[in-house]
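Asks: Below is the file input-v1.cif, which contains mmCIF, C-alpha atoms.
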data_run
#
loop_
_atom_site.group_PDB
_atom_site.id
_atom_site.type_symbol
_atom_site.label_atom_id
_atom_site.label_comp_id
_atom_site.auth_asym_id
_atom_site.auth_seq_id
_atom_site.Cartn_x
_atom_site.Cartn_y
_atom_site.Cartn_z
ATOM 1 C CA PRO A 15 14.929 33.880 42.605
ATOM 2 C CA ASN A 16 11.160 33.620 42.864
ATOM 3 C CA PRO A 17 10.190 32.129 39.448
ATOM 4 C CA ASP A 18 7.275 34.576 39.249
ATOM 5 C CA ASN A 19 9.860 37.391 39.128
ATOM 6 C CA VAL A 20 12.151 35.797 36.534
ATOM 7 C CA ILE A 21 12.078 36.551 32.791
ATOM 8 C CA HIS A 22 13.887 34.381 30.243
ATOM 9 C CA PHE A 23 14.247 36.509 27.093
ATOM 10 C CA SER A 24 14.190 34.845 23.667
ATOM 11 C CA ASN A 25 14.870 36.734 20.463
ATOM 12 C CA LEU A 26 11.927 37.553 18.197
ATOM 13 C CA VAL A 27 13.798 37.529 14.859
ATOM 14 C CA ASN A 28 16.626 35.656 13.160
ATOM 15 C CA GLY A 29 19.877 37.555 12.990
ATOM 16 C CA ILE A 30 23.382 38.186 14.285
ATOM 17 C CA ILE A 31 24.282 39.890 17.563
ATOM 18 C CA VAL A 32 26.348 42.969 16.681
ATOM 19 C CA GLY A 33 26.775 44.317 20.211
ATOM 20 C CA THR A 34 25.927 43.823 23.881
ATOM 21 C CA ASN A 35 25.746 46.425 26.642
ATOM 22 C CA PHE A 36 25.587 44.290 29.786
ATOM 23 C CA THR A 37 27.441 41.646 31.739
ATOM 24 C CA LEU A 38 26.423 38.905 34.134
ATOM 25 C CA GLY A 39 25.298 40.329 37.476
ATOM 26 C CA ASP A 40 24.476 43.818 36.164
ATOM 27 C CA TYR A 41 21.352 45.626 37.346
ATOM 28 C CA VAL A 42 19.300 46.790 34.367
ATOM 29 C CA LYS A 43 16.253 49.003 34.114
ATOM 30 C CA LYS A 44 13.123 48.343 32.069
ATOM 31 C CA GLY A 45 13.562 49.686 28.528
ATOM 32 C CA GLN A 46 17.364 49.773 28.713
ATOM 33 C CA VAL A 47 19.066 48.689 25.466
ATOM 34 C CA LEU A 48 20.958 45.472 26.179
ATOM 35 C CA ALA A 49 21.944 44.258 22.697
ATOM 36 C CA LYS A 50 21.608 44.907 18.979
ATOM 37 C CA VAL A 51 20.628 42.363 16.309
ATOM 38 C CA LYS A 52 21.364 42.689 12.582
ATOM 39 C CA SER A 53 18.607 40.973 10.602
ATOM 40 C CA THR A 54 17.481 40.720 6.978
ATOM 41 C CA GLU A 55 13.891 40.826 8.236
ATOM 42 C CA LEU A 56 14.358 44.484 9.136
ATOM 43 C CA SER A 57 15.321 45.337 5.543
ATOM 44 C CA GLU A 58 12.301 43.429 4.225
ATOM 45 C CA TRP A 59 9.906 45.168 6.588
ATOM 46 C CA LYS A 60 11.371 48.604 5.868
ATOM 47 C CA SER A 61 11.030 47.962 2.124
ATOM 48 C CA ARG A 62 7.468 46.729 2.591
ATOM 49 C CA GLN A 63 6.680 49.806 4.680
ATOM 50 C CA LYS A 64 7.881 52.160 1.925
ATOM 51 C CA ILE A 65 5.937 50.295 -0.783
ATOM 52 C CA LEU A 66 2.724 50.336 1.253
ATOM 53 C CA ALA A 67 3.127 54.031 2.067
ATOM 54 C CA SER A 68 3.505 54.801 -1.643
ATOM 55 C CA GLN A 69 0.512 52.630 -2.593
ATOM 56 C CA LEU A 70 -1.584 54.257 0.126
ATOM 57 C CA THR A 71 -0.833 57.725 -1.236
ATOM 58 C CA VAL A 72 -1.996 56.651 -4.693
ATOM 59 C CA ALA A 73 -5.089 54.913 -3.294
ATOM 60 C CA ARG A 74 -6.124 58.001 -1.324
ATOM 61 C CA HIS A 75 -5.712 60.142 -4.442
ATOM 62 C CA ASP A 76 -7.835 57.681 -6.452
ATOM 63 C CA TYR A 77 -10.489 57.691 -3.743
ATOM 64 C CA GLU A 78 -10.680 61.485 -3.789
ATOM 65 C CA SER A 79 -11.053 61.392 -7.593
ATOM 66 C CA VAL A 80 -13.814 58.750 -7.484
ATOM 67 C CA GLN A 81 -15.579 60.629 -4.707
ATOM 68 C CA SER A 82 -15.525 63.828 -6.753
ATOM 69 C CA MET A 83 -16.917 61.977 -9.788
ATOM 70 C CA TYR A 84 -19.561 60.322 -7.606
ATOM 71 C CA GLU A 85 -20.710 63.694 -6.361
ATOM 72 C CA ASP A 86 -20.946 64.828 -9.980
ATOM 73 C CA GLY A 87 -22.936 61.687 -10.849
ATOM 74 C CA ILE A 88 -20.199 60.258 -13.098
ATOM 75 C CA SER A 89 -19.103 57.217 -10.986
ATOM 76 C CA SER A 90 -21.225 54.663 -9.145
ATOM 77 C CA LYS A 91 -21.599 53.918 -5.436
ATOM 78 C CA LYS A 92 -19.867 50.572 -6.020
ATOM 79 C CA GLN A 93 -16.774 52.255 -7.450
ATOM 80 C CA LEU A 94 -16.663 54.627 -4.492
ATOM 81 C CA ASN A 95 -16.883 51.747 -2.022
ATOM 82 C CA GLN A 96 -14.145 49.834 -3.856
ATOM 83 C CA ALA A 97 -11.823 52.850 -3.696
ATOM 84 C CA ALA A 98 -12.555 53.333 0.001
ATOM 85 C CA SER A 99 -11.971 49.635 0.667
ATOM 86 C CA GLU A 100 -8.574 49.779 -1.056
ATOM 87 C CA VAL A 101 -7.545 52.675 1.186
ATOM 88 C CA VAL A 102 -8.652 50.815 4.340
ATOM 89 C CA ASN A 103 -6.804 47.616 3.333
ATOM 90 C CA LEU A 104 -3.543 49.452 2.653
ATOM 91 C CA GLU A 105 -3.858 51.400 5.916
ATOM 92 C CA SER A 106 -4.294 48.112 7.809
ATOM 93 C CA GLU A 107 -1.265 46.498 6.140
ATOM 94 C CA LEU A 108 0.887 49.562 6.757
ATOM 95 C CA GLU A 109 -0.213 49.692 10.392
ATOM 96 C CA GLU A 110 0.671 46.007 10.821
ATOM 97 C CA VAL A 111 4.178 46.456 9.420
ATOM 98 C CA SER A 112 4.749 49.597 11.493
ATOM 99 C CA SER A 113 3.510 47.802 14.611
ATOM 100 C CA ASN A 114 5.943 44.929 13.991
ATOM 101 C CA LEU A 115 8.841 47.342 13.610
ATOM 102 C CA GLN A 116 7.819 49.048 16.833
ATOM 103 C CA LEU A 117 7.242 45.745 18.662
ATOM 104 C CA TYR A 118 10.701 44.475 17.751
ATOM 105 C CA ASN A 119 12.294 47.859 18.579
ATOM 106 C CA ALA A 120 13.625 48.367 15.070
ATOM 107 C CA SER A 121 16.155 51.173 14.733
ATOM 108 C CA THR A 122 15.739 52.371 11.140
ATOM 109 C CA GLU A 123 18.732 54.712 11.456
ATOM 110 C CA SER A 124 21.327 52.041 12.322
ATOM 111 C CA GLY A 125 19.532 49.170 10.579
ATOM 112 C CA VAL A 126 19.341 46.893 13.610
ATOM 113 C CA PHE A 127 16.791 45.579 16.071
ATOM 114 C CA LEU A 128 17.291 46.816 19.615
ATOM 115 C CA ILE A 129 16.881 44.267 22.409
ATOM 116 C CA LYS A 130 15.537 46.149 25.418
ATOM 117 C CA ALA A 131 15.133 44.932 28.981
ATOM 118 C CA PRO A 132 11.497 43.826 29.429
ATOM 119 C CA SER A 133 11.682 44.565 33.164
ATOM 120 C CA SER A 134 14.055 45.838 35.823
ATOM 121 C CA GLY A 135 16.258 43.395 37.708
ATOM 122 C CA TYR A 136 19.597 41.629 37.803
ATOM 123 C CA ILE A 137 21.129 39.653 34.949
ATOM 124 C CA THR A 138 21.389 36.133 36.378
ATOM 125 C CA GLU A 139 22.136 34.380 33.077
ATOM 126 C CA LYS A 140 23.772 35.522 29.827
ATOM 127 C CA ASN A 141 23.991 33.378 26.691
ATOM 128 C CA ILE A 142 24.945 35.859 23.955
ATOM 129 C CA THR A 143 28.162 37.398 22.622
ATOM 130 C CA PRO A 144 28.836 39.740 19.672
ATOM 131 C CA GLY A 145 28.970 37.859 16.362
ATOM 132 C CA MET A 146 26.700 35.083 17.588
ATOM 133 C CA HIS A 147 23.833 33.933 15.335
ATOM 134 C CA VAL A 148 20.443 33.770 17.070
ATOM 135 C CA SER A 149 17.184 32.185 15.973
ATOM 136 C CA ALA A 150 13.700 33.498 16.637
ATOM 137 C CA TYR A 151 11.907 31.984 19.645
ATOM 138 C CA ASN A 152 14.703 29.460 20.186
ATOM 139 C CA GLU A 153 17.131 29.650 23.086
ATOM 140 C CA SER A 154 17.056 32.128 25.964
ATOM 141 C CA LEU A 155 19.471 35.003 25.353
ATOM 142 C CA PHE A 156 19.524 36.224 28.942
ATOM 143 C CA THR A 157 17.596 36.039 32.192
ATOM 144 C CA ILE A 158 16.476 38.966 34.353
ATOM 145 C CA SER A 159 15.570 38.254 37.969
ATOM 146 C CA GLU A 160 14.225 40.420 40.751
ATOM 147 C CA LEU A 161 15.996 39.485 43.981
ATOM 148 C CA ASP A 162 13.918 41.428 46.522
ATOM 149 C CA GLU A 163 12.141 38.166 47.294
ATOM 150 C CA VAL A 164 13.896 34.796 47.063
ATOM 151 C CA TRP A 165 13.147 31.123 47.530
ATOM 152 C CA VAL A 166 15.231 29.012 49.882
ATOM 153 C CA GLN A 167 15.174 25.420 48.632
ATOM 154 C CA ILE A 168 15.721 23.009 51.532
ATOM 155 C CA ASN A 169 16.831 19.373 51.502
ATOM 156 C CA VAL A 170 14.887 17.420 54.114
ATOM 157 C CA TYR A 171 16.403 14.026 54.826
ATOM 158 C CA ALA A 172 14.153 11.029 55.394
ATOM 159 C CA SER A 173 15.200 10.784 59.066
ATOM 160 C CA ASN A 174 13.902 14.321 59.682
ATOM 161 C CA LEU A 175 10.812 14.181 57.508
ATOM 162 C CA GLN A 176 8.409 13.342 60.336
ATOM 163 C CA SER A 177 9.534 16.475 62.176
ATOM 164 C CA ILE A 178 9.075 18.908 59.270
ATOM 165 C CA THR A 179 5.664 20.355 58.428
ATOM 166 C CA GLU A 180 4.332 23.263 56.410
ATOM 167 C CA GLY A 181 4.104 26.470 58.419
ATOM 168 C CA MET A 182 7.122 25.678 60.637
ATOM 169 C CA GLU A 183 9.318 28.627 61.521
ATOM 170 C CA VAL A 184 12.930 28.411 60.385
ATOM 171 C CA ASN A 185 16.145 30.356 60.920
ATOM 172 C CA ILE A 186 18.447 30.698 57.927
ATOM 173 C CA ARG A 187 22.162 31.519 57.976
ATOM 174 C CA SER A 188 24.571 31.879 55.080
ATOM 175 C CA LEU A 189 28.327 31.363 55.083
ATOM 176 C CA SER A 190 28.878 34.817 53.572
ATOM 177 C CA CYS A 191 27.172 36.667 56.449
ATOM 178 C CA PRO A 192 26.885 34.246 59.409
ATOM 179 C CA GLU A 193 25.981 37.029 61.821
ATOM 180 C CA VAL A 194 22.708 37.725 59.993
ATOM 181 C CA VAL A 195 19.756 35.433 60.740
ATOM 182 C CA PHE A 196 16.926 35.320 58.212
ATOM 183 C CA THR A 197 13.561 34.062 59.433
ATOM 184 C CA GLY A 198 10.696 32.531 57.546
ATOM 185 C CA LYS A 199 8.189 29.701 57.391
ATOM 186 C CA VAL A 200 8.064 26.515 55.349
ATOM 187 C CA ASN A 201 5.382 27.353 52.797
ATOM 188 C CA ALA A 202 5.752 24.282 50.579
ATOM 189 C CA LEU A 203 6.780 20.684 51.218
ATOM 190 C CA SER A 204 7.104 18.186 48.381
ATOM 191 C CA HIS A 205 5.566 14.741 48.677
ATOM 192 C CA VAL A 206 7.920 13.228 46.105
ATOM 193 C CA LEU A 207 11.410 11.974 46.900
ATOM 194 C CA ASP A 208 14.161 13.407 44.711
ATOM 195 C CA SER A 209 15.534 10.445 42.735
ATOM 196 C CA GLU A 210 19.128 11.732 42.689
ATOM 197 C CA SER A 211 19.702 13.293 46.108
ATOM 198 C CA ARG A 212 17.193 11.027 47.908
ATOM 199 C CA VAL A 213 15.730 13.963 49.863
ATOM 200 C CA ILE A 214 12.397 15.730 50.082
ATOM 201 C CA LYS A 215 12.398 19.331 48.877
ATOM 202 C CA ALA A 216 10.910 22.093 51.009
ATOM 203 C CA ARG A 217 10.664 25.796 50.252
ATOM 204 C CA VAL A 218 10.801 29.006 52.262
ATOM 205 C CA THR A 219 9.975 32.385 50.697
ATOM 206 C CA ILE A 220 11.697 35.329 52.383
ATOM 207 C CA GLU A 221 12.339 38.997 51.757
ATOM 208 C CA ASN A 222 15.916 39.577 50.666
ATOM 209 C CA LYS A 223 16.613 42.965 52.202
ATOM 210 C CA ASP A 224 19.966 44.503 51.226
ATOM 211 C CA LEU A 225 20.287 41.645 48.697
ATOM 212 C CA LEU A 226 22.495 39.614 51.034
ATOM 213 C CA LEU A 227 21.284 36.302 49.591
ATOM 214 C CA LYS A 228 22.467 35.472 46.067
ATOM 215 C CA PRO A 229 21.110 32.851 43.637
ATOM 216 C CA GLY A 230 22.947 29.546 44.047
ATOM 217 C CA MET A 231 24.263 30.354 47.525
ATOM 218 C CA PHE A 232 24.345 27.585 50.157
ATOM 219 C CA VAL A 233 22.647 28.194 53.513
ATOM 220 C CA ASP A 234 22.009 26.335 56.752
ATOM 221 C CA VAL A 235 18.396 26.044 57.854
ATOM 222 C CA ILE A 236 17.310 25.338 61.430
ATOM 223 C CA ALA A 237 13.651 24.369 61.850
ATOM 224 C CA ARG A 238 11.955 25.235 65.143
ATOM 225 C CA GLN A 239 9.847 22.300 66.206
ATOM 226 C CA GLN A 240 7.065 22.801 68.743
ATOM 227 C CA THR A 241 6.446 19.993 71.197
ATOM 228 C CA GLU A 242 4.292 19.289 74.250
ATOM 229 C CA LYS A 243 7.084 17.325 75.935
ATOM 230 C CA GLU A 244 8.430 18.711 79.242
ATOM 231 C CA VAL A 245 12.065 18.232 80.215
ATOM 232 C CA LEU A 246 14.355 19.269 83.037
ATOM 233 C CA THR A 247 16.925 21.901 82.066
ATOM 234 C CA ILE A 248 19.978 23.326 83.822
ATOM 235 C CA PRO A 249 21.740 26.580 82.850
ATOM 236 C CA THR A 250 25.120 25.826 81.271
ATOM 237 C CA ASP A 251 26.864 28.294 83.612
ATOM 238 C CA ALA A 252 25.660 26.189 86.578
ATOM 239 C CA LEU A 253 27.432 23.040 85.391
ATOM 240 C CA ILE A 254 30.331 21.749 87.536
ATOM 241 C CA PHE A 255 33.032 19.544 86.055
ATOM 242 C CA ASP A 256 33.997 16.819 88.560
ATOM 243 C CA ASN A 257 35.461 13.358 88.216
ATOM 244 C CA ASN A 258 35.791 13.730 84.433
ATOM 245 C CA GLN A 259 32.148 14.559 83.968
ATOM 246 C CA ASN A 260 29.732 17.467 84.165
#
Would you write out, as structure tokens, the structure that this file holds?
Replies:
Amino acid sequence: PNPDNVIHFSNLVNGIIVGTNFTLGDYVKKGQVLAKVKSTELSEWKSRQKILASQLTVARHDYESVQSMYEDGISSKKQLNQAASEVVNLESELEEVSSNLQLYNASTESGVFLIKAPSSGYITEKNITPGMHVSAYNESLFTISELDEVWVQINVYASNLQSITEGMEVNIRSLSCPEVVFTGKVNALSHVLDSESRVIKARVTIENKDLLLKPGMFVDVIARQQTEKEVLTIPTDALIFDNNQN
């Protein structure tokens, strides 16, 4: 897949996976619930939310009382400002906690965090199972890839390197559908030799209509080299076999 269209999802809280709703290779839509995480952080935030809501109610009542006394000339401007400041501070804290619960897709009814698909695409990697403990911002839980556009990574051997240049047209065939020819151009050519395979890597970006090309699939690539050289050619149907030779 084009790396620009690939999302590796890491969990945002510590917890335990209590359920998954997808398998490897599934197509998922943005916002679809893929898994549920049980976490103590949800209980803490919910408790904090209730405490702040209660404190805010009291602070607003106190502010109204101080404002009434200020209008009657009983309290000072400083006391009124202090009461107003307390209301603003509690509102900010409550908004922060509520935003966190919303950001992490907390389900207050079932007591779990909902992991939702951040974008639409195909599940090309899955690293979670029910009962598994996950840590915040640690490993990738799953990978979503859009496959409408893919990269073809090409091994260019040293003997062919002088014949391969950026911008060359190529024909691409796969073993799964040999009758279909994909066309494209070499849009990137590495200048560093791969230490293990001893080849130079080239890349072709092509549209993957009908999703015929799958990640990890092997393909054959034929580069079309342009040359100024002129040669004599004979149609193959004009060849005559005589005396053990054509």
Asks: Written as an MDAnalysis selection string, which residues does the PyMOL selection byres ((chain A and resi 192) around 12) give for the file shown?
Replies: chainID A and resid 185:191 193:196 226:227 232:235
Asks: Go ahead and dump the residues you just picked, C-alpha atoms, as a PDB file, in the frame of the given file.
Replies:
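Here's the written file result_30.pdb:
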ATOM      1  CA  ASN A 185      16.145  30.356  60.920  1.00  0.00           C
ATOM      2  CA  ILE A 186      18.447  30.698  57.927  1.00  0.00           C
ATOM      3  CA  ARG A 187      22.162  31.519  57.976  1.00  0.00           C
ATOM      4  CA  SER A 188      24.571  31.879  55.080  1.00  0.00           C
ATOM      5  CA  LEU A 189      28.327  31.363  55.083  1.00  0.00           C
ATOM      6  CA  SER A 190      28.878  34.817  53.572  1.00  0.00           C
ATOM      7  CA  CYS A 191      27.172  36.667  56.449  1.00  0.00           C
ATOM      8  CA  GLU A 193      25.981  37.029  61.821  1.00  0.00           C
ATOM      9  CA  VAL A 194      22.708  37.725  59.993  1.00  0.00           C
ATOM     10  CA  VAL A 195      19.756  35.433  60.740  1.00  0.00           C
ATOM     11  CA  PHE A 196      16.926  35.320  58.212  1.00  0.00           C
ATOM     12  CA  LEU A 226      22.495  39.614  51.034  1.00  0.00           C
ATOM     13  CA  LEU A 227      21.284  36.302  49.591  1.00  0.00           C
ATOM     14  CA  PHE A 232      24.345  27.585  50.157  1.00  0.00           C
ATOM     15  CA  VAL A 233      22.647  28.194  53.513  1.00  0.00           C
ATOM     16  CA  ASP A 234      22.009  26.335  56.752  1.00  0.00           C
ATOM     17  CA  VAL A 235      18.396  26.044  57.854  1.00  0.00           C
TER      18      VAL A 235
END
Asks: Could you give me the axis-aligned bounding box of range 158-172 of chain A, with 4 Å of padding per side, as centre plus edge lengths in Å to one decimal, as AutoDock Vina command-line options?
Replies:
--center_x 14.5 --center_y 26.2 --center_z 44.9 --size_x 12.7 --size_y 38.4 --size_z 29.0
Asks: Would you mind reading off the distance between CA of Glu100 in chain A and CA of Leu66 in chain A, one decimal, in Å?
Replies: 11.5 Å
Asks: Could you check how far CA of Ile31 in chain A sits from CA of Ala131 in chain A, in Å to one decimal?
Replies: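 For CA of Ile31 in chain A relative to CA of Ala131 in chain A, the distance reads 15.5 Å.
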Asks: Here is a test: counting all atoms listed in the file, which residue of A:Ser113, A:Asn169, A:Asn258, A:Ser149 is nearest to Arg217 in chain A?
Replies: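 Closest to Arg217 in chain A of all the choices is A:Asn169.
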Asks: Show me, as a Markdown table, the residues of range 153-200 of chain A having an atom within 12 Å of range 240-252 of chain A, each with the closest atom pair and its distance in Å, using all atoms listed in the file.
Replies:
| residue | atom | partner | partner_atom | distance |
| --- | --- | --- | --- | --- |
| A:Ser177 | CA | A:Gln240 | CA | 9.4 |
| A:Ile178 | CA | A:Gln240 | CA | 10.4 |
| A:Thr179 | CA | A:Gln240 | CA | 10.7 |
| A:Gly181 | CA | A:Gln240 | CA | 11.3 |
| A:Met182 | CA | A:Gln240 | CA | 8.6 |
| A:Glu183 | CA | A:Gln240 | CA | 9.5 |
| A:Val184 | CA | A:Gln240 | CA | 11.7 |
Asks: Excluding Val218 in chain A and residues on its chain fewer than 4 positions from it, collect all residues at most 9 Å away from it, counting all atoms listed in the file, and give them as a PyMOL selection string.
Replies: chain A and resi 164-168+184+198-202
Asks: Can you list, as a list of chain:residue names, the residues that the PyMOL selection byres ((chain A and resi 215) around 10) selects here?
Replies: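 Answer for the PyMOL selection byres ((chain A and resi 215) around 10): A:Gln167, A:Ile168, A:Asn169, A:Val170, A:Tyr171, A:Ala202, A:Leu203, A:Ser204, A:His205, A:Val206, A:Leu207, A:Asp208, A:Ser211, A:Arg212, A:Val213, A:Ile214, A:Ala216, A:Arg217.
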Asks: Using all atoms listed in the file, pick whichever of A:Glu78, A:Glu163, A:Glu180, A:Asp18 has the shortest atom-to-atom distance to Asn222 in chain A.
Replies: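 Using all atoms listed in the file, the shortest distance to Asn222 in chain A belongs to A:Glu163.
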Asks: Can you spell out as a ChimeraX atom specification the set of residues that the PyMOL selection byres ((chain A and resi 55) around 10) selects in the structure I just provided?
Replies: /A:27-29,52-54,56-61,115,126-127
